[in-house]
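Q: Contents of structure_7.pdb (PDB, C-alpha atoms and all ligand atoms) are below:
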```pdb
ATOM      1  CA  MET A  20     -13.372 -54.663  -2.941
ATOM      2  CA  THR A  21     -15.262 -51.665  -4.216
ATOM      3  CA  HIS A  22     -13.971 -50.356  -7.500
ATOM      4  CA  PRO A  23     -12.357 -47.008  -6.703
ATOM      5  CA  ASP A  24     -14.381 -45.280  -9.413
ATOM      6  CA  LEU A  25     -17.536 -46.229  -7.574
ATOM      7  CA  ALA A  26     -16.409 -45.063  -4.146
ATOM      8  CA  PRO A  27     -19.056 -42.961  -2.420
ATOM      9  CA  ILE A  28     -16.525 -40.197  -1.778
ATOM     10  CA  ARG A  29     -13.384 -39.420  -3.764
ATOM     11  CA  VAL A  30     -10.935 -36.926  -2.310
ATOM     12  CA  THR A  31      -8.130 -35.592  -4.508
ATOM     13  CA  LEU A  32      -5.393 -33.508  -2.924
ATOM     14  CA  LEU A  33      -4.761 -30.909  -5.617
ATOM     15  CA  GLY A  34      -2.307 -28.768  -3.687
ATOM     16  CA  THR A  35      -0.475 -29.781  -0.517
ATOM     17  CA  GLY A  36       1.897 -26.824  -0.292
ATOM     18  CA  THR A  37       2.253 -23.496   1.441
ATOM     19  CA  PRO A  38       2.938 -19.916   0.238
ATOM     20  CA  GLN A  39       6.413 -21.062  -0.840
ATOM     21  CA  PRO A  40       6.432 -21.498  -4.625
ATOM     22  CA  ASP A  41       7.118 -25.190  -5.180
ATOM     23  CA  ILE A  42       6.625 -27.088  -8.421
ATOM     24  CA  GLU A  43       5.979 -30.316  -6.454
ATOM     25  CA  ARG A  44       3.472 -28.857  -4.038
ATOM     26  CA  PHE A  45       0.939 -26.369  -5.382
ATOM     27  CA  GLY A  46      -1.179 -24.060  -3.194
ATOM     28  CA  SER A  47      -3.897 -25.430  -0.925
ATOM     29  CA  ALA A  48      -6.771 -27.012  -2.816
ATOM     30  CA  THR A  49      -8.764 -30.213  -2.340
ATOM     31  CA  LEU A  50     -11.370 -31.680  -4.674
ATOM     32  CA  ILE A  51     -14.170 -33.731  -3.144
ATOM     33  CA  GLN A  52     -16.422 -35.697  -5.465
ATOM     34  CA  ALA A  53     -19.598 -37.370  -4.231
ATOM     35  CA  ALA A  54     -23.059 -38.008  -5.689
ATOM     36  CA  GLY A  55     -21.934 -36.494  -8.979
ATOM     37  CA  LEU A  56     -20.932 -33.212  -7.332
ATOM     38  CA  ASN A  57     -17.509 -31.636  -7.754
ATOM     39  CA  LEU A  58     -16.744 -29.517  -4.698
ATOM     40  CA  LEU A  59     -13.517 -27.562  -4.418
ATOM     41  CA  PHE A  60     -12.106 -26.623  -1.009
ATOM     42  CA  ASP A  61      -9.686 -23.683  -1.242
ATOM     43  CA  ALA A  62      -8.087 -22.659  -4.516
ATOM     44  CA  GLY A  63      -4.408 -21.946  -3.999
ATOM     45  CA  ARG A  64      -1.728 -21.485  -6.633
ATOM     46  CA  GLY A  65      -2.185 -23.750  -9.628
ATOM     47  CA  ALA A  66      -5.606 -25.141  -8.654
ATOM     48  CA  SER A  67      -6.797 -24.935 -12.272
ATOM     49  CA  LEU A  68      -3.822 -26.980 -13.478
ATOM     50  CA  ARG A  69      -4.295 -29.674 -10.852
ATOM     51  CA  LEU A  70      -8.068 -29.826 -11.502
ATOM     52  CA  THR A  71      -7.265 -30.443 -15.149
ATOM     53  CA  GLN A  72      -4.756 -33.160 -14.255
ATOM     54  CA  ALA A  73      -7.415 -34.716 -12.021
ATOM     55  CA  GLY A  74      -9.798 -34.806 -14.979
ATOM     56  CA  CYS A  75     -12.255 -32.284 -13.604
ATOM     57  CA  PRO A  76     -13.151 -29.535 -16.110
ATOM     58  CA  LEU A  77     -13.088 -26.086 -14.529
ATOM     59  CA  GLY A  78     -16.637 -25.486 -15.669
ATOM     60  CA  ALA A  79     -17.827 -28.646 -13.906
ATOM     61  CA  LEU A  80     -17.344 -27.341 -10.368
ATOM     62  CA  HIS A  81     -20.603 -27.071  -8.445
ATOM     63  CA  ALA A  82     -19.273 -24.939  -5.616
ATOM     64  CA  VAL A  83     -16.069 -23.635  -4.048
ATOM     65  CA  PHE A  84     -15.525 -23.406  -0.279
ATOM     66  CA  PHE A  85     -12.852 -21.280   1.384
ATOM     67  CA  THR A  86     -11.414 -22.051   4.824
ATOM     68  CA  HIS A  87      -9.973 -18.511   5.058
ATOM     69  CA  PHE A  88      -8.581 -15.773   2.887
ATOM     70  CA  HIS A  89      -4.829 -16.233   3.182
ATOM     71  CA  SER A  90      -3.479 -15.891  -0.343
ATOM     72  CA  ASP A  91      -2.060 -19.424  -0.469
ATOM     73  CA  HIS A  92      -5.690 -20.617  -0.314
ATOM     74  CA  THR A  93      -7.153 -18.141  -2.796
ATOM     75  CA  ALA A  94      -4.445 -17.139  -5.292
ATOM     76  CA  GLY A  95      -5.473 -19.776  -7.833
ATOM     77  CA  PHE A  96      -9.137 -18.885  -7.781
ATOM     78  CA  ALA A  97      -9.028 -16.171 -10.454
ATOM     79  CA  ASP A  98      -8.036 -18.760 -13.057
ATOM     80  CA  VAL A  99     -10.574 -21.333 -11.854
ATOM     81  CA  TYR A 100     -13.273 -18.658 -12.064
ATOM     82  CA  THR A 101     -12.460 -17.023 -15.386
ATOM     83  CA  SER A 102     -11.260 -20.038 -17.390
ATOM     84  CA  GLY A 103     -14.316 -21.932 -16.157
ATOM     85  CA  TYR A 104     -16.700 -19.769 -18.171
ATOM     86  CA  ILE A 105     -14.770 -19.963 -21.441
ATOM     87  CA  PRO A 106     -16.938 -21.996 -23.844
ATOM     88  CA  ALA A 107     -14.332 -24.717 -24.460
ATOM     89  CA  PRO A 108     -14.204 -28.300 -23.147
ATOM     90  CA  PHE A 109     -12.192 -27.238 -20.081
ATOM     91  CA  GLY A 110     -14.787 -24.599 -19.199
ATOM     92  CA  LYS A 111     -18.358 -24.341 -20.428
ATOM     93  CA  ARG A 112     -19.861 -23.210 -17.156
ATOM     94  CA  ARG A 113     -23.326 -21.908 -18.001
ATOM     95  CA  LYS A 114     -24.477 -20.959 -14.528
ATOM     96  CA  PRO A 115     -23.128 -18.637 -11.821
ATOM     97  CA  LEU A 116     -20.428 -20.169  -9.617
ATOM     98  CA  ARG A 117     -21.346 -20.465  -5.956
ATOM     99  CA  ILE A 118     -18.590 -19.660  -3.490
ATOM    100  CA  PHE A 119     -18.798 -20.185   0.259
ATOM    101  CA  GLY A 120     -16.461 -18.594   2.790
ATOM    102  CA  PRO A 121     -16.025 -16.647   6.010
ATOM    103  CA  GLU A 122     -16.948 -13.014   6.511
ATOM    104  CA  GLY A 123     -15.435 -11.104   3.595
ATOM    105  CA  ILE A 124     -16.675 -13.533   0.935
ATOM    106  CA  GLU A 125     -18.993 -10.863  -0.509
ATOM    107  CA  GLU A 126     -16.095  -8.423  -0.965
ATOM    108  CA  PHE A 127     -13.954 -11.230  -2.374
ATOM    109  CA  ALA A 128     -16.616 -12.014  -5.005
ATOM    110  CA  GLU A 129     -17.217  -8.370  -5.807
ATOM    111  CA  GLY A 130     -13.515  -7.575  -6.159
ATOM    112  CA  MET A 131     -12.904 -10.635  -8.302
ATOM    113  CA  GLN A 132     -15.727  -9.747 -10.682
ATOM    114  CA  MET A 133     -14.534  -6.143 -10.823
ATOM    115  CA  ALA A 134     -10.985  -7.216 -11.669
ATOM    116  CA  PHE A 135     -12.196  -9.298 -14.603
ATOM    117  CA  ARG A 136     -14.895  -6.942 -15.882
ATOM    118  CA  GLY A 137     -12.910  -6.336 -19.053
ATOM    119  CA  ASP A 138     -12.601 -10.070 -19.699
ATOM    120  CA  VAL A 139     -16.341 -10.541 -19.251
ATOM    121  CA  ARG A 140     -17.040  -7.626 -21.612
ATOM    122  CA  GLU A 141     -14.745  -9.026 -24.297
ATOM    123  CA  ARG A 142     -16.012 -12.563 -24.053
ATOM    124  CA  ALA A 143     -19.643 -11.479 -24.111
ATOM    125  CA  ILE A 144     -18.993 -10.827 -27.810
ATOM    126  CA  GLN A 145     -18.460 -14.581 -28.112
ATOM    127  CA  SER A 146     -22.066 -15.053 -26.988
ATOM    128  CA  LEU A 147     -21.058 -16.030 -23.473
ATOM    129  CA  PRO A 148     -24.055 -16.014 -21.159
ATOM    130  CA  VAL A 149     -23.465 -13.259 -18.591
ATOM    131  CA  GLU A 150     -24.923 -15.598 -15.954
ATOM    132  CA  ALA A 151     -21.887 -17.840 -16.374
ATOM    133  CA  THR A 152     -19.542 -15.028 -15.357
ATOM    134  CA  ARG A 153     -21.292 -14.300 -12.064
ATOM    135  CA  LEU A 154     -20.124 -15.354  -8.634
ATOM    136  CA  VAL A 155     -22.732 -16.007  -5.955
ATOM    137  CA  PRO A 156     -21.174 -15.635  -2.507
ATOM    138  CA  SER A 157     -22.517 -17.192   0.693
ATOM    139  CA  ARG A 158     -21.103 -16.255   4.054
ATOM    140  CA  ILE A 159     -20.582 -19.258   6.297
ATOM    141  CA  SER A 160     -20.705 -19.672  10.045
ATOM    142  CA  GLU A 161     -20.500 -22.798  12.188
ATOM    143  CA  GLY A 162     -22.984 -25.475  11.218
ATOM    144  CA  VAL A 163     -24.300 -27.000   8.000
ATOM    145  CA  VAL A 164     -23.447 -24.721   5.062
ATOM    146  CA  PHE A 165     -24.373 -27.006   2.142
ATOM    147  CA  ASP A 166     -26.760 -29.958   1.904
ATOM    148  CA  GLU A 167     -27.570 -31.203  -1.596
ATOM    149  CA  HIS A 168     -27.893 -34.649  -3.261
ATOM    150  CA  GLY A 169     -27.118 -36.286   0.083
ATOM    151  CA  VAL A 170     -23.820 -34.442   0.453
ATOM    152  CA  ARG A 171     -23.592 -32.362   3.600
ATOM    153  CA  VAL A 172     -20.851 -29.853   4.338
ATOM    154  CA  THR A 173     -20.528 -28.665   7.916
ATOM    155  CA  ALA A 174     -18.226 -25.796   8.903
ATOM    156  CA  PHE A 175     -16.498 -25.601  12.280
ATOM    157  CA  GLY A 176     -14.354 -22.819  13.725
ATOM    158  CA  THR A 177     -10.586 -23.178  14.003
ATOM    159  CA  TYR A 178      -7.784 -21.084  15.531
ATOM    160  CA  HIS A 179      -5.219 -19.700  13.063
ATOM    161  CA  HIS A 180      -3.433 -17.258  15.412
ATOM    162  CA  ASP A 181      -4.279 -13.664  14.500
ATOM    163  CA  PHE A 182      -6.082 -14.519  11.275
ATOM    164  CA  ALA A 183      -9.821 -14.796  11.782
ATOM    165  CA  PRO A 184     -12.320 -16.064  11.120
ATOM    166  CA  THR A 185     -11.101 -19.429   9.879
ATOM    167  CA  TYR A 186     -12.986 -22.658   9.384
ATOM    168  CA  GLY A 187     -12.472 -26.336   8.799
ATOM    169  CA  PHE A 188     -15.006 -28.524   7.018
ATOM    170  CA  ARG A 189     -16.576 -31.926   7.540
ATOM    171  CA  ILE A 190     -18.122 -33.559   4.491
ATOM    172  CA  ASP A 191     -20.645 -36.385   4.975
ATOM    173  CA  HIS A 192     -22.164 -38.628   2.332
ATOM    174  CA  ALA A 193     -23.744 -42.089   2.439
ATOM    175  CA  GLY A 194     -22.453 -42.783   5.941
ATOM    176  CA  PHE A 195     -18.866 -41.823   5.080
ATOM    177  CA  SER A 196     -17.017 -38.717   6.183
ATOM    178  CA  VAL A 197     -13.998 -36.538   5.479
ATOM    179  CA  VAL A 198     -12.674 -33.721   7.642
ATOM    180  CA  LEU A 199     -10.426 -30.930   6.368
ATOM    181  CA  SER A 200      -8.663 -29.019   9.130
ATOM    182  CA  GLY A 201      -7.765 -25.990   7.032
ATOM    183  CA  ASP A 202      -4.972 -23.877   8.520
ATOM    184  CA  THR A 203      -5.138 -24.123  12.287
ATOM    185  CA  ALA A 204      -3.192 -24.429  15.475
ATOM    186  CA  ALA A 205      -4.001 -27.584  17.427
ATOM    187  CA  ASP A 206      -7.697 -27.124  18.079
ATOM    188  CA  PRO A 207      -9.984 -29.553  19.903
ATOM    189  CA  ARG A 208     -12.786 -28.506  17.568
ATOM    190  CA  VAL A 209     -10.987 -30.297  14.735
ATOM    191  CA  GLY A 210     -10.738 -33.435  16.870
ATOM    192  CA  ASP A 211     -14.416 -33.207  17.786
ATOM    193  CA  ALA A 212     -15.470 -32.804  14.156
ATOM    194  CA  ALA A 213     -13.226 -35.698  13.113
ATOM    195  CA  ARG A 214     -14.218 -38.222  15.770
ATOM    196  CA  ASP A 215     -14.397 -41.646  14.072
ATOM    197  CA  CYS A 216     -14.393 -40.101  10.599
ATOM    198  CA  ASP A 217     -13.024 -42.062   7.663
ATOM    199  CA  LEU A 218     -10.432 -39.534   6.574
ATOM    200  CA  LEU A 219      -8.847 -36.598   8.386
ATOM    201  CA  VAL A 220      -6.787 -34.284   6.199
ATOM    202  CA  HIS A 221      -4.779 -32.179   8.629
ATOM    203  CA  GLU A 222      -2.184 -29.462   8.271
ATOM    204  CA  VAL A 223       1.202 -29.720   9.990
ATOM    205  CA  ALA A 224       4.217 -27.497  10.582
ATOM    206  CA  ALA A 225       7.709 -28.216  11.856
ATOM    207  CA  ILE A 226      10.705 -26.005  12.574
ATOM    208  CA  HIS A 227      14.275 -27.130  12.011
ATOM    209  CA  PRO A 228      15.881 -27.614  15.461
ATOM    210  CA  SER A 229      18.372 -24.791  14.782
ATOM    211  CA  MET A 230      15.472 -22.327  14.353
ATOM    212  CA  GLN A 231      13.557 -23.520  17.426
ATOM    213  CA  ASP A 232      14.270 -20.297  19.317
ATOM    214  CA  ASP A 233      13.571 -17.893  16.470
ATOM    215  CA  ALA A 234      10.904 -15.569  17.865
ATOM    216  CA  PHE A 235       9.023 -15.093  14.587
ATOM    217  CA  PHE A 236       8.674 -18.790  13.856
ATOM    218  CA  ARG A 237       8.015 -19.767  17.471
ATOM    219  CA  ASP A 238       5.634 -16.961  18.474
ATOM    220  CA  VAL A 239       3.927 -16.154  15.183
ATOM    221  CA  VAL A 240       4.076 -19.003  12.680
ATOM    222  CA  MET A 241       3.745 -21.911  15.121
ATOM    223  CA  LYS A 242       0.957 -20.144  17.040
ATOM    224  CA  GLY A 243      -1.214 -20.597  13.967
ATOM    225  CA  HIS A 244      -0.162 -24.083  12.927
ATOM    226  CA  THR A 245      -0.003 -27.592  14.375
ATOM    227  CA  SER A 246       3.197 -29.382  15.353
ATOM    228  CA  PRO A 247       3.571 -33.133  14.709
ATOM    229  CA  GLU A 248       3.177 -33.849  18.457
ATOM    230  CA  GLU A 249      -0.013 -31.782  18.603
ATOM    231  CA  ALA A 250      -1.345 -33.501  15.492
ATOM    232  CA  ALA A 251      -0.667 -36.854  17.162
ATOM    233  CA  ALA A 252      -2.781 -35.796  20.139
ATOM    234  CA  ILE A 253      -5.643 -34.680  17.871
ATOM    235  CA  PHE A 254      -5.472 -37.960  15.918
ATOM    236  CA  SER A 255      -5.401 -40.013  19.134
ATOM    237  CA  GLY A 256      -8.625 -38.395  20.286
ATOM    238  CA  ALA A 257     -10.389 -38.549  16.932
ATOM    239  CA  ARG A 258      -9.219 -42.011  15.765
ATOM    240  CA  PRO A 259      -9.877 -41.477  12.039
ATOM    241  CA  ARG A 260      -9.555 -44.507   9.760
ATOM    242  CA  LEU A 261      -6.763 -42.637   7.999
ATOM    243  CA  ALA A 262      -4.975 -39.365   8.690
ATOM    244  CA  VAL A 263      -3.193 -37.476   5.920
ATOM    245  CA  PHE A 264      -0.914 -34.493   6.291
ATOM    246  CA  THR A 265      -1.280 -31.567   3.926
ATOM    247  CA  HIS A 266      -0.084 -27.943   3.930
ATOM    248  CA  ILE A 267       3.234 -29.284   5.187
ATOM    249  CA  VAL A 268       5.211 -26.322   6.550
ATOM    250  CA  GLN A 269       8.915 -27.150   6.811
ATOM    251  CA  ILE A 270      10.790 -24.202   8.310
ATOM    252  CA  PRO A 271      14.433 -24.585   7.379
ATOM    253  CA  GLY A 272      17.594 -23.960   9.337
ATOM    254  CA  GLY A 273      20.210 -23.173   6.702
ATOM    255  CA  ALA A 274      19.207 -24.830   3.458
ATOM    256  CA  MET A 275      17.406 -27.788   4.962
ATOM    257  CA  GLY A 276      13.918 -27.998   6.388
ATOM    258  CA  PRO A 277      12.807 -30.794   8.690
ATOM    259  CA  SER A 278      12.175 -33.794   6.437
ATOM    260  CA  VAL A 279       8.708 -35.209   5.902
ATOM    261  CA  GLN A 280      10.009 -38.449   7.420
ATOM    262  CA  SER A 281      11.047 -36.619  10.583
ATOM    263  CA  ILE A 282       7.534 -35.148  10.803
ATOM    264  CA  LEU A 283       6.041 -38.648  10.483
ATOM    265  CA  ASP A 284       8.502 -40.034  13.064
ATOM    266  CA  ARG A 285       7.578 -37.328  15.571
ATOM    267  CA  THR A 286       3.874 -37.983  14.981
ATOM    268  CA  ALA A 287       4.319 -41.737  15.453
ATOM    269  CA  LEU A 288       5.707 -41.173  18.972
ATOM    270  CA  GLY A 289       2.264 -40.014  20.066
ATOM    271  CA  TYR A 290      -0.122 -41.824  17.722
ATOM    272  CA  ASP A 291      -0.258 -45.491  16.745
ATOM    273  CA  GLY A 292      -2.756 -45.136  13.869
ATOM    274  CA  THR A 293      -1.973 -44.734  10.194
ATOM    275  CA  VAL A 294      -0.685 -41.356   9.032
ATOM    276  CA  ILE A 295       0.547 -40.680   5.514
ATOM    277  CA  PRO A 296       2.048 -37.558   3.981
ATOM    278  CA  GLY A 297      -0.183 -36.078   1.307
ATOM    279  CA  GLN A 298       1.163 -35.229  -2.101
ATOM    280  CA  ASP A 299      -0.351 -33.366  -5.012
ATOM    281  CA  LEU A 300      -2.792 -35.485  -7.037
ATOM    282  CA  MET A 301      -3.050 -38.165  -4.368
ATOM    283  CA  THR A 302      -6.516 -39.695  -4.611
ATOM    284  CA  LEU A 303      -8.325 -41.147  -1.605
ATOM    285  CA  ASP A 304     -11.411 -43.213  -2.359
ATOM    286  CA  ILE A 305     -13.607 -43.767   0.651
ATOM    287  CA  GLY A 306     -15.994 -46.700   0.754
ATOM    288  CA  GLU A 307     -17.001 -49.877   2.547
ATOM    289  CA  SER A 308     -13.542 -51.392   2.151
ATOM    290  CA  GLY A 309     -11.808 -48.433   3.750
ATOM    291  CA  VAL A 310      -9.765 -45.649   2.244
ATOM    292  CA  HIS A 311      -8.035 -46.619  -0.992
ATOM    293  CA  VAL A 312      -5.004 -44.409  -1.671
ATOM    294  CA  SER A 313      -3.539 -43.930  -5.112
ATOM    295  CA  SER A 314      -1.097 -41.423  -6.438
ATOM    296  CA  ALA A 315      -1.193 -40.148  -9.997
ATOM    297  CA  LEU A 316       2.328 -38.752  -9.690
ATOM    298  CA  ALA A 317       3.710 -42.036  -8.366
ATOM    299  CA  GLU A 318       1.920 -43.977 -11.108
ATOM    300  CA  GLN A 319       3.318 -41.627 -13.751
ATOM    301  CA  ALA A 320       6.786 -42.118 -12.292
ATOM    302  CA  HIS A 321       6.454 -45.898 -12.530
ATOM    303  CA  ALA A 322       4.909 -45.896 -15.992
TER
HETATM  304 ZN    ZN A 401      -3.478 -19.467   6.550
HETATM  305 ZN    ZN A 402      -2.054 -21.618   4.351
END
```
So, in terms of structure tokens, how does the structure I just supplied come out?

A:
Amino acid sequence: MTHPDLAPIRVTLLGTGTPQPDIERFGSATLIQAAGLNLLFDAGRGASLRLTQAGCPLGALHAVFFTHFHSDHTAGFADVYTSGYIPAPFGKRRKPLRIFGPEGIEEFAEGMQMAFRGDVRERAIQSLPVEATRLVPSRISEGVVFDEHGVRVTAFGTYHHDFAPTYGFRIDHAGFSVVLSGDTAADPRVGDAARDCDLLVHEVAAIHPSMQDDAFFRDVVMKGHTSPEEAAAIFSGARPRLAVFTHIVQIPGGAMGPSVQSILDRTALGYDGTVIPGQDLMTLDIGESGVHVSSALAEQAHA
């Protein structure tokens, strides 16, 4: 069996949560490491902390990709950006940071740099290269958006109700592939992009039965997210080697949300392949022997 450290692609789920502040599930963020590249997909709340726990210095990121600009996917970026250029072991970025995202990425970069102008000015005294504090934005559209060192990132459109444009990503390297759905309602474009991929990381949302008829959740929230039954249909068409749920939206009735187990049970009614619930710091190594799953949090708990 391939040693996990040598896997052609390593995926680390940094944040599997939603806008709800949750110490167990940070904001959306996924680290993909391949061919020596560290690529970050979304940077929700706490991304810098989880990157550090995953052993990836903030200054070692080669590029950041955004699926869309909802705050639960971007709120952690300011820290990733600014702490990454501090000349300490956790930072040390010497070059501009490239960020890729939908229309609006230029304004996002400009606003971010404007907000931290004072920080840049102060730190320049500490002989920080100004280059290191720059963001270089690239606007994405459908198709290949990044192709370096044999790692190809392809963007595809998704449907996130009234929020547009939104994208998912497929990452290919050495004959292996990962697909990230981003936030989306059930969309055949995700299934098409994920056909026979090794790993499909897909969002999911479930409403507690007592809230089933709540107009806001039914007509707004669920219009932009994927139910377990819909996810099962997408998985059945795509047949990934492994499917993992992330961005798990559990809309409560009273104090209780639908359990993760109930989401898995509902999915299993329509899909006979393997589906696991993602958790923060879960690592998925993709190689010849399949997808090797390990969980830093679980290992810490058992230590
Ligand atoms: Zn969203
Ligand atoms: Zn979201």

Q: In terms of the shortest atom-to-atom distance over all atoms listed in the file, which of A:Pro108, A:Gly243, A:Gly306, A:Pro76 is closest to ligand ZN 402 (chain A)?

A: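 Residue with the minimum atom-to-atom distance to ligand ZN 402 (chain A): A:Gly243.
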
Q: Calculated over only C-alpha atoms, which of the candidates A:Glu167, A:Asp98, A:Asp41, A:Glu222 has the smallest distance to His266 in chain A?

A: A:Glu222

Q: Kindly indicate which residue among A:Val294, A:Ile270, A:Leu261, A:Ala48 lies nearest to His311 in chain A, using only C-alpha atoms for the distances.

A: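 The answer is A:Leu261, which sits nearest to His311 in chain A.
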
Q: What does the distance from CA of Phe195 in chain A to CA of Gly309 in chain A come to in Å, to one decimal?

A: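 Taking CA of Phe195 in chain A as the start and CA of Gly309 in chain A as the end point, the length is 9.8 Å.
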
Q: Taking into account all atoms listed in the file, which residue in the set A:Thr173, A:Ser157, A:Thr302, A:Ser278 is nearest to Phe119 in chain A?

A: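 The closest residue to Phe119 in chain A is A:Ser157.
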
Q: In Å to one decimal, how far is CA of Ile253 in chain A from CA of Asp206 in chain A?

A: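 CA of Ile253 in chain A lies at a distance of 7.8 Å from CA of Asp206 in chain A.
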
Q: Going by the chain IDs and residue numbers used in this file, which residues fall under the PyMOL selection byres (((chain A and resi 289-292) around 10) and not hetatm)? Write them as a PDB file with C-alpha atoms, in the frame of the given file.

A:
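Just written: expr10.pdb:
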```
ATOM      1  CA  PRO A 247       3.571 -33.133  14.709  1.00  0.00           C
ATOM      2  CA  GLU A 248       3.177 -33.849  18.457  1.00  0.00           C
ATOM      3  CA  GLU A 249      -0.013 -31.782  18.603  1.00  0.00           C
ATOM      4  CA  ALA A 250      -1.345 -33.501  15.492  1.00  0.00           C
ATOM      5  CA  ALA A 251      -0.667 -36.854  17.162  1.00  0.00           C
ATOM      6  CA  ALA A 252      -2.781 -35.796  20.139  1.00  0.00           C
ATOM      7  CA  ILE A 253      -5.643 -34.680  17.871  1.00  0.00           C
ATOM      8  CA  PHE A 254      -5.472 -37.960  15.918  1.00  0.00           C
ATOM      9  CA  SER A 255      -5.401 -40.013  19.134  1.00  0.00           C
ATOM     10  CA  GLY A 256      -8.625 -38.395  20.286  1.00  0.00           C
ATOM     11  CA  ARG A 258      -9.219 -42.011  15.765  1.00  0.00           C
ATOM     12  CA  PRO A 259      -9.877 -41.477  12.039  1.00  0.00           C
ATOM     13  CA  ARG A 260      -9.555 -44.507   9.760  1.00  0.00           C
ATOM     14  CA  LEU A 261      -6.763 -42.637   7.999  1.00  0.00           C
ATOM     15  CA  ALA A 262      -4.975 -39.365   8.690  1.00  0.00           C
ATOM     16  CA  ASP A 284       8.502 -40.034  13.064  1.00  0.00           C
ATOM     17  CA  ARG A 285       7.578 -37.328  15.571  1.00  0.00           C
ATOM     18  CA  THR A 286       3.874 -37.983  14.981  1.00  0.00           C
ATOM     19  CA  ALA A 287       4.319 -41.737  15.453  1.00  0.00           C
ATOM     20  CA  LEU A 288       5.707 -41.173  18.972  1.00  0.00           C
ATOM     21  CA  THR A 293      -1.973 -44.734  10.194  1.00  0.00           C
ATOM     22  CA  VAL A 294      -0.685 -41.356   9.032  1.00  0.00           C
TER      23      VAL A 294
END
```

Q: Determine the residue membership of the PyMOL selection byres (((chain A and resi 26) around 10) and not hetatm) for the file above and supply it as an mmCIF file with C-alpha atoms, in the frame of the given file.

A:
```cif
data_model
loop_
_atom_site.group_PDB
_atom_site.id
_atom_site.type_symbol
_atom_site.label_atom_id
_atom_site.label_comp_id
_atom_site.auth_asym_id
_atom_site.auth_seq_id
_atom_site.Cartn_x
_atom_site.Cartn_y
_atom_site.Cartn_z
ATOM 1 C CA THR A 21 -15.262 -51.665 -4.216
ATOM 2 C CA HIS A 22 -13.971 -50.356 -7.500
ATOM 3 C CA PRO A 23 -12.357 -47.008 -6.703
ATOM 4 C CA ASP A 24 -14.381 -45.280 -9.413
ATOM 5 C CA LEU A 25 -17.536 -46.229 -7.574
ATOM 6 C CA PRO A 27 -19.056 -42.961 -2.420
ATOM 7 C CA ILE A 28 -16.525 -40.197 -1.778
ATOM 8 C CA ARG A 29 -13.384 -39.420 -3.764
ATOM 9 C CA VAL A 30 -10.935 -36.926 -2.310
ATOM 10 C CA GLN A 52 -16.422 -35.697 -5.465
ATOM 11 C CA ALA A 53 -19.598 -37.370 -4.231
ATOM 12 C CA ALA A 54 -23.059 -38.008 -5.689
ATOM 13 C CA LEU A 303 -8.325 -41.147 -1.605
ATOM 14 C CA ASP A 304 -11.411 -43.213 -2.359
ATOM 15 C CA ILE A 305 -13.607 -43.767 0.651
ATOM 16 C CA GLY A 306 -15.994 -46.700 0.754
ATOM 17 C CA GLU A 307 -17.001 -49.877 2.547
ATOM 18 C CA SER A 308 -13.542 -51.392 2.151
ATOM 19 C CA GLY A 309 -11.808 -48.433 3.750
ATOM 20 C CA VAL A 310 -9.765 -45.649 2.244
ATOM 21 C CA HIS A 311 -8.035 -46.619 -0.992
#
```

Q: Quick one: range 52-62 of chain A with N, CA and C atoms, as a PDB file, in the coordinates of the input?

A:
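What follows is the written file out.pdb:
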```pdb
ATOM      1  N   GLN A  52     -15.392 -35.282  -4.522  1.00  0.00           N
ATOM      2  CA  GLN A  52     -16.422 -35.697  -5.465  1.00  0.00           C
ATOM      3  C   GLN A  52     -17.316 -36.734  -4.806  1.00  0.00           C
ATOM      4  N   ALA A  53     -18.623 -36.460  -4.824  1.00  0.00           N
ATOM      5  CA  ALA A  53     -19.598 -37.370  -4.231  1.00  0.00           C
ATOM      6  C   ALA A  53     -20.947 -37.083  -4.866  1.00  0.00           C
ATOM      7  N   ALA A  54     -21.710 -38.136  -5.124  1.00  0.00           N
ATOM      8  CA  ALA A  54     -23.059 -38.008  -5.689  1.00  0.00           C
ATOM      9  C   ALA A  54     -23.064 -37.162  -6.967  1.00  0.00           C
ATOM     10  N   GLY A  55     -22.003 -37.251  -7.729  1.00  0.00           N
ATOM     11  CA  GLY A  55     -21.934 -36.494  -8.979  1.00  0.00           C
ATOM     12  C   GLY A  55     -21.565 -35.033  -8.810  1.00  0.00           C
ATOM     13  N   LEU A  56     -21.317 -34.608  -7.582  1.00  0.00           N
ATOM     14  CA  LEU A  56     -20.932 -33.212  -7.332  1.00  0.00           C
ATOM     15  C   LEU A  56     -19.410 -33.085  -7.307  1.00  0.00           C
ATOM     16  N   ASN A  57     -18.940 -31.971  -7.825  1.00  0.00           N
ATOM     17  CA  ASN A  57     -17.509 -31.636  -7.754  1.00  0.00           C
ATOM     18  C   ASN A  57     -17.365 -30.411  -6.862  1.00  0.00           C
ATOM     19  N   LEU A  58     -16.861 -30.613  -5.657  1.00  0.00           N
ATOM     20  CA  LEU A  58     -16.744 -29.517  -4.698  1.00  0.00           C
ATOM     21  C   LEU A  58     -15.264 -29.231  -4.449  1.00  0.00           C
ATOM     22  N   LEU A  59     -14.909 -27.961  -4.606  1.00  0.00           N
ATOM     23  CA  LEU A  59     -13.517 -27.562  -4.418  1.00  0.00           C
ATOM     24  C   LEU A  59     -13.372 -26.840  -3.081  1.00  0.00           C
ATOM     25  N   PHE A  60     -12.368 -27.250  -2.306  1.00  0.00           N
ATOM     26  CA  PHE A  60     -12.106 -26.623  -1.009  1.00  0.00           C
ATOM     27  C   PHE A  60     -10.769 -25.902  -1.080  1.00  0.00           C
ATOM     28  N   ASP A  61     -10.819 -24.589  -1.055  1.00  0.00           N
ATOM     29  CA  ASP A  61      -9.686 -23.683  -1.242  1.00  0.00           C
ATOM     30  C   ASP A  61      -9.181 -23.784  -2.690  1.00  0.00           C
ATOM     31  N   ALA A  62      -8.531 -22.730  -3.120  1.00  0.00           N
ATOM     32  CA  ALA A  62      -8.087 -22.659  -4.516  1.00  0.00           C
ATOM     33  C   ALA A  62      -6.760 -21.912  -4.555  1.00  0.00           C
TER      34      ALA A  62
END
```
